[in-house]
file final14.cif (mmCIF, C-alpha atoms)
data_target
loop_
_atom_site.group_PDB
_atom_site.id
_atom_site.type_symbol
_atom_site.label_atom_id
_atom_site.label_comp_id
_atom_site.auth_asym_id
_atom_site.auth_seq_id
_atom_site.Cartn_x
_atom_site.Cartn_y
_atom_site.Cartn_z
ATOM 1 C CA MET O 1 36.221 -46.875 189.918
ATOM 2 C CA GLY O 2 35.063 -43.652 188.328
ATOM 3 C CA SER O 3 33.718 -40.553 189.971
ATOM 4 C CA GLY O 4 30.441 -41.212 191.796
ATOM 5 C CA THR O 5 30.668 -44.965 191.276
ATOM 6 C CA GLN O 6 29.851 -47.328 194.086
ATOM 7 C CA PRO O 7 32.267 -50.261 194.570
ATOM 8 C CA ASP O 8 29.471 -52.842 194.270
ATOM 9 C CA GLU O 9 28.074 -51.524 190.953
ATOM 10 C CA VAL O 10 28.345 -53.870 188.003
ATOM 11 C CA TYR O 11 28.188 -52.814 184.363
ATOM 12 C CA MET O 12 27.239 -55.513 181.871
ATOM 13 C CA VAL O 13 27.830 -55.308 178.128
ATOM 14 C CA HIS O 14 26.351 -57.962 175.835
ATOM 15 C CA PHE O 15 27.685 -58.143 172.259
ATOM 16 C CA CYS O 16 25.919 -59.962 169.438
ATOM 17 C CA ILE O 17 27.931 -59.652 166.228
ATOM 18 C CA PHE O 18 27.186 -61.630 163.021
ATOM 19 C CA SER O 19 25.077 -64.094 165.004
ATOM 20 C CA GLY O 20 21.941 -64.594 167.041
ATOM 21 C CA HIS O 21 21.384 -64.614 170.784
ATOM 22 C CA GLN O 22 18.431 -65.333 173.093
ATOM 23 C CA ALA O 23 18.434 -64.331 176.758
ATOM 24 C CA GLN O 24 16.442 -62.989 179.685
ATOM 25 C CA LEU O 25 16.488 -59.185 179.902
ATOM 26 C CA ARG O 26 18.423 -58.110 182.973
ATOM 27 C CA PRO O 27 18.003 -54.422 183.651
ATOM 28 C CA GLY O 28 20.605 -52.657 185.736
ATOM 29 C CA ARG O 29 23.441 -50.794 184.026
ATOM 30 C CA THR O 30 23.375 -53.038 180.992
ATOM 31 C CA ALA O 31 24.237 -52.360 177.351
ATOM 32 C CA TYR O 32 23.124 -54.669 174.539
ATOM 33 C CA ILE O 33 25.060 -54.140 171.306
ATOM 34 C CA THR O 34 23.870 -55.971 168.196
ATOM 35 C CA LEU O 35 25.776 -55.638 164.911
ATOM 36 C CA PHE O 36 24.676 -57.633 161.862
ATOM 37 C CA GLY O 37 22.819 -60.055 164.125
ATOM 38 C CA ALA O 38 19.616 -60.832 165.943
ATOM 39 C CA LEU O 39 19.048 -60.432 169.662
ATOM 40 C CA ASP O 40 15.897 -61.855 171.260
ATOM 41 C CA LEU O 41 15.351 -60.857 174.875
ATOM 42 C CA ARG O 42 12.510 -61.856 177.148
ATOM 43 C CA ARG O 43 11.369 -59.514 179.892
ATOM 44 C CA PRO O 44 11.272 -60.938 183.394
ATOM 45 C CA PRO O 45 7.761 -61.359 184.824
ATOM 46 C CA VAL O 46 6.305 -58.265 186.489
ATOM 47 C CA ALA O 47 6.294 -59.942 189.910
ATOM 48 C CA THR O 48 9.987 -60.783 189.562
ATOM 49 C CA GLN O 49 10.796 -57.184 188.607
ATOM 50 C CA PHE O 50 8.884 -55.904 191.641
ATOM 51 C CA VAL O 51 10.665 -58.246 194.063
ATOM 52 C CA GLU O 52 14.090 -57.340 192.616
ATOM 53 C CA LEU O 53 13.383 -53.608 192.872
ATOM 54 C CA ARG O 54 12.108 -53.988 196.435
ATOM 55 C CA ARG O 55 15.312 -55.820 197.425
ATOM 56 C CA GLU O 56 17.520 -53.018 196.137
ATOM 57 C CA ALA O 57 18.248 -49.863 198.047
ATOM 58 C CA PRO O 58 16.108 -46.969 196.765
ATOM 59 C CA ALA O 59 19.187 -45.195 195.378
ATOM 60 C CA ALA O 60 20.248 -48.351 193.483
ATOM 61 C CA ALA O 61 16.855 -48.595 191.767
ATOM 62 C CA ASP O 62 17.350 -45.089 190.374
ATOM 63 C CA ARG O 63 20.689 -46.111 188.831
ATOM 64 C CA ARG O 64 19.221 -48.964 186.755
ATOM 65 C CA TRP O 65 19.306 -48.505 182.988
ATOM 66 C CA CYS O 66 19.488 -50.455 179.746
ATOM 67 C CA PHE O 67 20.944 -49.246 176.476
ATOM 68 C CA PHE O 68 20.301 -50.972 173.151
ATOM 69 C CA MET O 69 22.450 -50.320 170.115
ATOM 70 C CA THR O 70 21.302 -52.175 167.003
ATOM 71 C CA VAL O 71 23.066 -51.696 163.656
ATOM 72 C CA PHE O 72 22.138 -53.787 160.589
ATOM 73 C CA GLY O 73 20.280 -56.293 162.720
ATOM 74 C CA GLY O 74 17.263 -56.810 164.876
ATOM 75 C CA THR O 75 16.535 -56.637 168.585
ATOM 76 C CA THR O 76 13.259 -57.915 170.025
ATOM 77 C CA ILE O 77 12.165 -57.605 173.653
ATOM 78 C CA THR O 78 9.240 -59.941 174.325
ATOM 79 C CA TRP O 79 6.832 -60.104 177.254
ATOM 80 C CA PRO O 80 6.978 -63.339 179.261
ATOM 81 C CA THR O 81 4.221 -65.821 178.546
ATOM 82 C CA LEU O 82 1.019 -65.548 180.541
ATOM 83 C CA ALA O 83 1.940 -68.834 182.225
ATOM 84 C CA ASP O 84 5.267 -67.352 183.386
ATOM 85 C CA GLU O 85 3.557 -64.183 184.643
ATOM 86 C CA TYR O 86 0.928 -66.228 186.499
ATOM 87 C CA LEU O 87 3.440 -68.579 188.152
ATOM 88 C CA ALA O 88 5.750 -65.718 189.216
ATOM 89 C CA LEU O 89 2.893 -63.743 190.772
ATOM 90 C CA LEU O 90 1.333 -66.773 192.461
ATOM 91 C CA ASP O 91 4.692 -67.891 193.888
ATOM 92 C CA GLY O 92 5.520 -64.351 195.058
ATOM 93 C CA VAL O 93 2.183 -63.982 196.854
ATOM 94 C CA ARG O 94 2.375 -67.451 198.409
ATOM 95 C CA ILE O 95 5.844 -66.894 199.873
ATOM 96 C CA GLY O 96 4.958 -63.386 201.057
ATOM 97 C CA ALA O 97 7.396 -61.523 198.791
ATOM 98 C CA LEU O 98 4.543 -59.275 197.589
ATOM 99 C CA THR O 99 0.806 -58.766 197.867
ATOM 100 C CA LEU O 100 -1.739 -58.363 195.113
ATOM 101 C CA ALA O 101 -2.023 -54.685 196.092
ATOM 102 C CA ASP O 102 1.760 -54.255 195.661
ATOM 103 C CA TRP O 103 1.576 -55.934 192.276
ATOM 104 C CA ASP O 104 -1.409 -53.816 191.209
ATOM 105 C CA ALA O 105 0.452 -50.578 191.978
ATOM 106 C CA PHE O 106 3.682 -51.695 190.303
ATOM 107 C CA ALA O 107 1.951 -53.197 187.240
ATOM 108 C CA GLY O 108 -0.124 -50.053 186.807
ATOM 109 C CA ARG O 109 2.970 -47.864 186.941
ATOM 110 C CA LEU O 110 4.800 -50.176 184.522
ATOM 111 C CA CYS O 111 1.915 -50.029 182.033
ATOM 112 C CA THR O 112 1.711 -46.234 182.079
ATOM 113 C CA ASP O 113 5.385 -45.281 182.423
ATOM 114 C CA GLY O 114 7.025 -48.220 180.637
ATOM 115 C CA PRO O 115 10.297 -49.766 181.716
ATOM 116 C CA PRO O 116 12.524 -47.336 183.617
ATOM 117 C CA HIS O 117 15.646 -45.800 182.095
ATOM 118 C CA VAL O 118 15.747 -47.398 178.653
ATOM 119 C CA ALA O 119 17.609 -45.789 175.758
ATOM 120 C CA SER O 120 18.390 -47.034 172.260
ATOM 121 C CA PHE O 121 20.269 -46.277 169.062
ATOM 122 C CA THR O 122 19.045 -48.061 165.935
ATOM 123 C CA LEU O 123 20.643 -47.702 162.481
ATOM 124 C CA PHE O 124 19.498 -49.725 159.445
ATOM 125 C CA ALA O 125 17.909 -52.107 161.919
ATOM 126 C CA GLU O 126 14.800 -52.881 163.906
ATOM 127 C CA LEU O 127 14.056 -52.628 167.612
ATOM 128 C CA LYS O 128 10.817 -54.143 168.901
ATOM 129 C CA ALA O 129 10.657 -53.200 172.566
ATOM 130 C CA ASP O 130 7.132 -54.405 173.364
ATOM 131 C CA ALA O 131 6.599 -57.666 171.449
ATOM 132 C CA LEU O 132 4.086 -60.252 172.641
ATOM 133 C CA PRO O 133 4.701 -63.991 172.609
ATOM 134 C CA THR O 134 3.073 -65.720 169.662
ATOM 135 C CA GLU O 135 -0.311 -67.316 170.193
ATOM 136 C CA ASP O 136 1.285 -70.749 169.740
ATOM 137 C CA ALA O 137 3.910 -69.986 172.411
ATOM 138 C CA GLU O 138 1.194 -68.814 174.815
ATOM 139 C CA LEU O 139 -1.011 -71.860 174.237
ATOM 140 C CA ASP O 140 1.927 -74.277 174.468
ATOM 141 C CA ALA O 141 3.075 -72.755 177.777
ATOM 142 C CA LEU O 142 -0.446 -72.861 179.230
ATOM 143 C CA ALA O 143 -0.983 -76.453 178.080
ATOM 144 C CA LEU O 144 2.370 -77.564 179.500
ATOM 145 C CA GLN O 145 1.769 -75.949 182.898
ATOM 146 C CA ARG O 146 -1.827 -77.226 182.982
ATOM 147 C CA HIS O 147 -0.632 -80.751 182.203
ATOM 148 C CA ALA O 148 2.059 -80.467 184.894
ATOM 149 C CA GLY O 149 -0.616 -79.449 187.404
ATOM 150 C CA ARG O 150 0.899 -76.029 188.106
ATOM 151 C CA ILE O 151 -2.030 -74.040 186.684
ATOM 152 C CA PRO O 152 -5.639 -75.068 187.411
ATOM 153 C CA GLN O 153 -8.192 -75.040 184.589
ATOM 154 C CA ALA O 154 -10.062 -72.046 186.080
ATOM 155 C CA ALA O 155 -6.850 -69.996 185.931
ATOM 156 C CA VAL O 156 -6.182 -71.143 182.350
ATOM 157 C CA ASP O 157 -9.652 -69.891 181.411
ATOM 158 C CA CYS O 158 -8.845 -66.472 182.918
ATOM 159 C CA LEU O 159 -5.439 -66.351 181.234
ATOM 160 C CA MET O 160 -6.874 -67.172 177.796
ATOM 161 C CA VAL O 161 -8.449 -63.687 177.801
ATOM 162 C CA GLY O 162 -4.933 -62.206 177.854
ATOM 163 C CA VAL O 163 -3.597 -64.106 174.820
ATOM 164 C CA GLY O 164 -2.678 -61.567 172.156
ATOM 165 C CA GLN O 165 -3.265 -58.654 174.544
ATOM 166 C CA GLY O 166 -0.630 -56.249 175.782
ATOM 167 C CA GLY O 167 -0.239 -53.901 178.708
ATOM 168 C CA ALA O 168 -3.008 -53.515 181.262
ATOM 169 C CA ARG O 169 -5.371 -56.063 179.668
ATOM 170 C CA ARG O 170 -2.685 -58.714 179.748
ATOM 171 C CA LEU O 171 -1.720 -58.036 183.343
ATOM 172 C CA ALA O 172 -5.377 -57.849 184.432
ATOM 173 C CA ALA O 173 -5.891 -61.390 183.131
ATOM 174 C CA VAL O 174 -2.889 -62.579 185.147
ATOM 175 C CA ARG O 175 -4.119 -60.876 188.308
ATOM 176 C CA GLN O 176 -7.635 -62.287 187.870
ATOM 177 C CA ALA O 177 -6.246 -65.817 187.389
ATOM 178 C CA VAL O 178 -4.101 -65.567 190.534
ATOM 179 C CA ALA O 179 -6.961 -64.099 192.577
ATOM 180 C CA ALA O 180 -9.253 -66.926 191.432
ATOM 181 C CA THR O 181 -6.629 -69.530 192.366
ATOM 182 C CA LEU O 182 -6.061 -68.013 195.808
ATOM 183 C CA ALA O 183 -9.813 -67.726 196.440
ATOM 184 C CA SER O 184 -10.345 -71.409 195.601
ATOM 185 C CA ALA O 185 -7.431 -72.648 197.740
ATOM 186 C CA PRO O 186 -8.425 -74.482 200.918
#

call {"tool": "encode", "arguments": {"input": "final14.cif", "output": "structure tokens"}}
result
Amino acid sequence: MGSGTQPDEVYMVHFCIFSGHQAQLRPGRTAYITLFGALDLRRPPVATQFVELRREAPAAADRRWCFFMTVFGGTTITWPTLADEYLALLDGVRIGALTLADWDAFAGRLCTDGPPHVASFTLFAELKADALPTEDAELDALALQRHAGRIPQAAVDCLMVGVGQGGARRLAAVRQAVAATLASAP
């Protein structure tokens, strides 16, 4: 334990050297080091981020950070699909973990301020920190969840507006789809 360190703090270091790796981005004292490789990370849905931050003590939320070091490689951080965003928000609202007003405030802050405490070092490499899922990935995810009965057609229609969109437009489509689903529920 170093000076000022809490006993329950965990530091995670992920190495990707001469290879490729895909994972879910887990903020919170995490370093991602990519050397001569490719690292593909997917952001957690906004609703999931909100619930995790709410669960933490306020001081712990201020100590969250991610560091990306990419040398002779590529690191891509991709938004979750619209289907994933929709399902996370709908589930969170239904179980009472958050309200649409909570989500609106957090999503708005996330769109204007960006992810908290992110730093990077890139040398002869590429870092894409705000990549969108491909149109095919979006459509496949929506079709799969529609076929499984998890997303009604009216919500799919709302979510289609967000395909290829980033930031506030994307999240507005998710919120509209969830609001429409909740309004039509018996």

call {"tool": "residues_around", "arguments": {"input": "final14.cif", "residues": "Ala155 (chain O)", "least_positions_apart": "6", "cutoff": "9 Å", "atoms": "all atoms listed in the file", "output": "VMD selection string"}}
result
chain O and resid 86 174 176 to 181

call {"tool": "atom_distance", "arguments": {"input": "final14.cif", "atom1": "CA of Thr122 (chain O)", "atom2": "CA of Leu39 (chain O)"}}
result
12.9 Å

call {"tool": "atom_distance", "arguments": {"input": "final14.cif", "atom1": "CA of Val51 (chain O)", "atom2": "CA of Asp84 (chain O)"}}
result
15.0 Å

call {"tool": "atom_distance", "arguments": {"input": "final14.cif", "atom1": "CA of Cys16 (chain O)", "atom2": "CA of Gly28 (chain O)"}}
result
18.6 Å

call {"tool": "residues_around", "arguments": {"input": "final14.cif", "residues": "Pro152 (chain O)", "least_positions_apart": "3", "cutoff": "12 Å", "atoms": "all atoms listed in the file", "output": "short mmCIF file (atom, residue, chain, number, x, y, z; two decimals) with C-alpha atoms, in the coordinates of the input"}}
result
data_model
loop_
_atom_site.label_atom_id
_atom_site.label_comp_id
_atom_site.auth_asym_id
_atom_site.auth_seq_id
_atom_site.Cartn_x
_atom_site.Cartn_y
_atom_site.Cartn_z
CA ALA O 83 1.94 -68.83 182.22
CA TYR O 86 0.93 -66.23 186.50
CA LEU O 87 3.44 -68.58 188.15
CA LEU O 90 1.33 -66.77 192.46
CA LEU O 142 -0.45 -72.86 179.23
CA ALA O 143 -0.98 -76.45 178.08
CA LEU O 144 2.37 -77.56 179.50
CA GLN O 145 1.77 -75.95 182.90
CA ARG O 146 -1.83 -77.23 182.98
CA HIS O 147 -0.63 -80.75 182.20
CA ALA O 148 2.06 -80.47 184.89
CA GLY O 149 -0.62 -79.45 187.40
CA ALA O 155 -6.85 -70.00 185.93
CA VAL O 156 -6.18 -71.14 182.35
CA ASP O 157 -9.65 -69.89 181.41
CA CYS O 158 -8.85 -66.47 182.92
CA LEU O 159 -5.44 -66.35 181.23
CA ALA O 177 -6.25 -65.82 187.39
CA VAL O 178 -4.10 -65.57 190.53
CA ALA O 180 -9.25 -66.93 191.43
CA THR O 181 -6.63 -69.53 192.37
CA LEU O 182 -6.06 -68.01 195.81
CA SER O 184 -10.34 -71.41 195.60
CA ALA O 185 -7.43 -72.65 197.74
#

call {"tool": "closest_residue", "arguments": {"input": "final14.cif", "among": "O:Leu127, O:Ile33, O:Leu171, O:Leu132", "to": "Ala47 (chain O)", "atoms": "all atoms listed in the file"}}
result
O:Leu171

call {"tool": "residues_around", "arguments": {"input": "final14.cif", "residues": "Phe121 (chain O)", "least_positions_apart": "6", "cutoff": "12 Å", "atoms": "all atoms listed in the file", "output": "ChimeraX atom specification"}}
result
/O:31-35,66-75,127

call {"tool": "resolve_selection", "arguments": {"input": "final14.cif", "expression": "the PyMOL selection byres ((chain O and resi 21) around 7)", "output": "ChimeraX atom specification"}}
result
/O:16,19-20,22-23,38-40

call {"tool": "residues_around", "arguments": {"input": "final14.cif", "residues": "Arg170 (chain O)", "least_positions_apart": "5", "cutoff": "9 Å", "atoms": "all atoms listed in the file", "output": "list in words"}}
result
Leu82, Leu159, Val161, Gly162, Val163, Gly164, Gln165 and Arg175 of chain O

call {"tool": "closest_residue", "arguments": {"input": "final14.cif", "among": "O:Arg64, O:Arg94, O:Arg54, O:Arg169", "to": "Ala119 (chain O)", "atoms": "all atoms listed in the file"}}
result
O:Arg64

call {"tool": "residues_near_point", "arguments": {"input": "final14.cif", "point": "(12.2, -55.3, 169.2)", "cutoff": "7 Å", "atoms": "all atoms listed in the file", "output": "ChimeraX atom specification"}}
result
/O:74-77,126-131

call {"tool": "closest_residue", "arguments": {"input": "final14.cif", "among": "O:Gln24, O:Ala154, O:Gly37, O:Pro45", "to": "Thr81 (chain O)", "atoms": "all atoms listed in the file"}}
result
O:Pro45

call {"tool": "closest_residue", "arguments": {"input": "final14.cif", "among": "O:Leu110, O:Val13, O:Leu89, O:Ala125", "to": "Ala173 (chain O)", "atoms": "all atoms listed in the file"}}
result
O:Leu89

call {"tool": "closest_atom_pairs", "arguments": {"input": "final14.cif", "of": "region 73-98 of chain O", "to": "region 102-107 of chain O", "cutoff": "10 Å", "atoms": "all atoms listed in the file", "output": "Markdown table"}}
result
| residue | atom | partner | partner_atom | distance |
| --- | --- | --- | --- | --- |
| O:Leu89 | CA | O:Trp103 | CA | 8.1 |
| O:Gly92 | CA | O:Trp103 | CA | 9.7 |
| O:Val93 | CA | O:Trp103 | CA | 9.3 |
| O:Ala97 | CA | O:Asp102 | CA | 9.7 |
| O:Leu98 | CA | O:Asp102 | CA | 6.1 |

call {"tool": "axis_aligned_box", "arguments": {"input": "final14.cif", "around": "region 88-96 of chain O", "padding_each_side": "3 Å", "output": "lines of an AutoDock Vina configuration file"}}
result
center_x = 3.6
center_y = -65.6
center_z = 195.1
size_x = 10.5
size_y = 10.5
size_z = 17.8
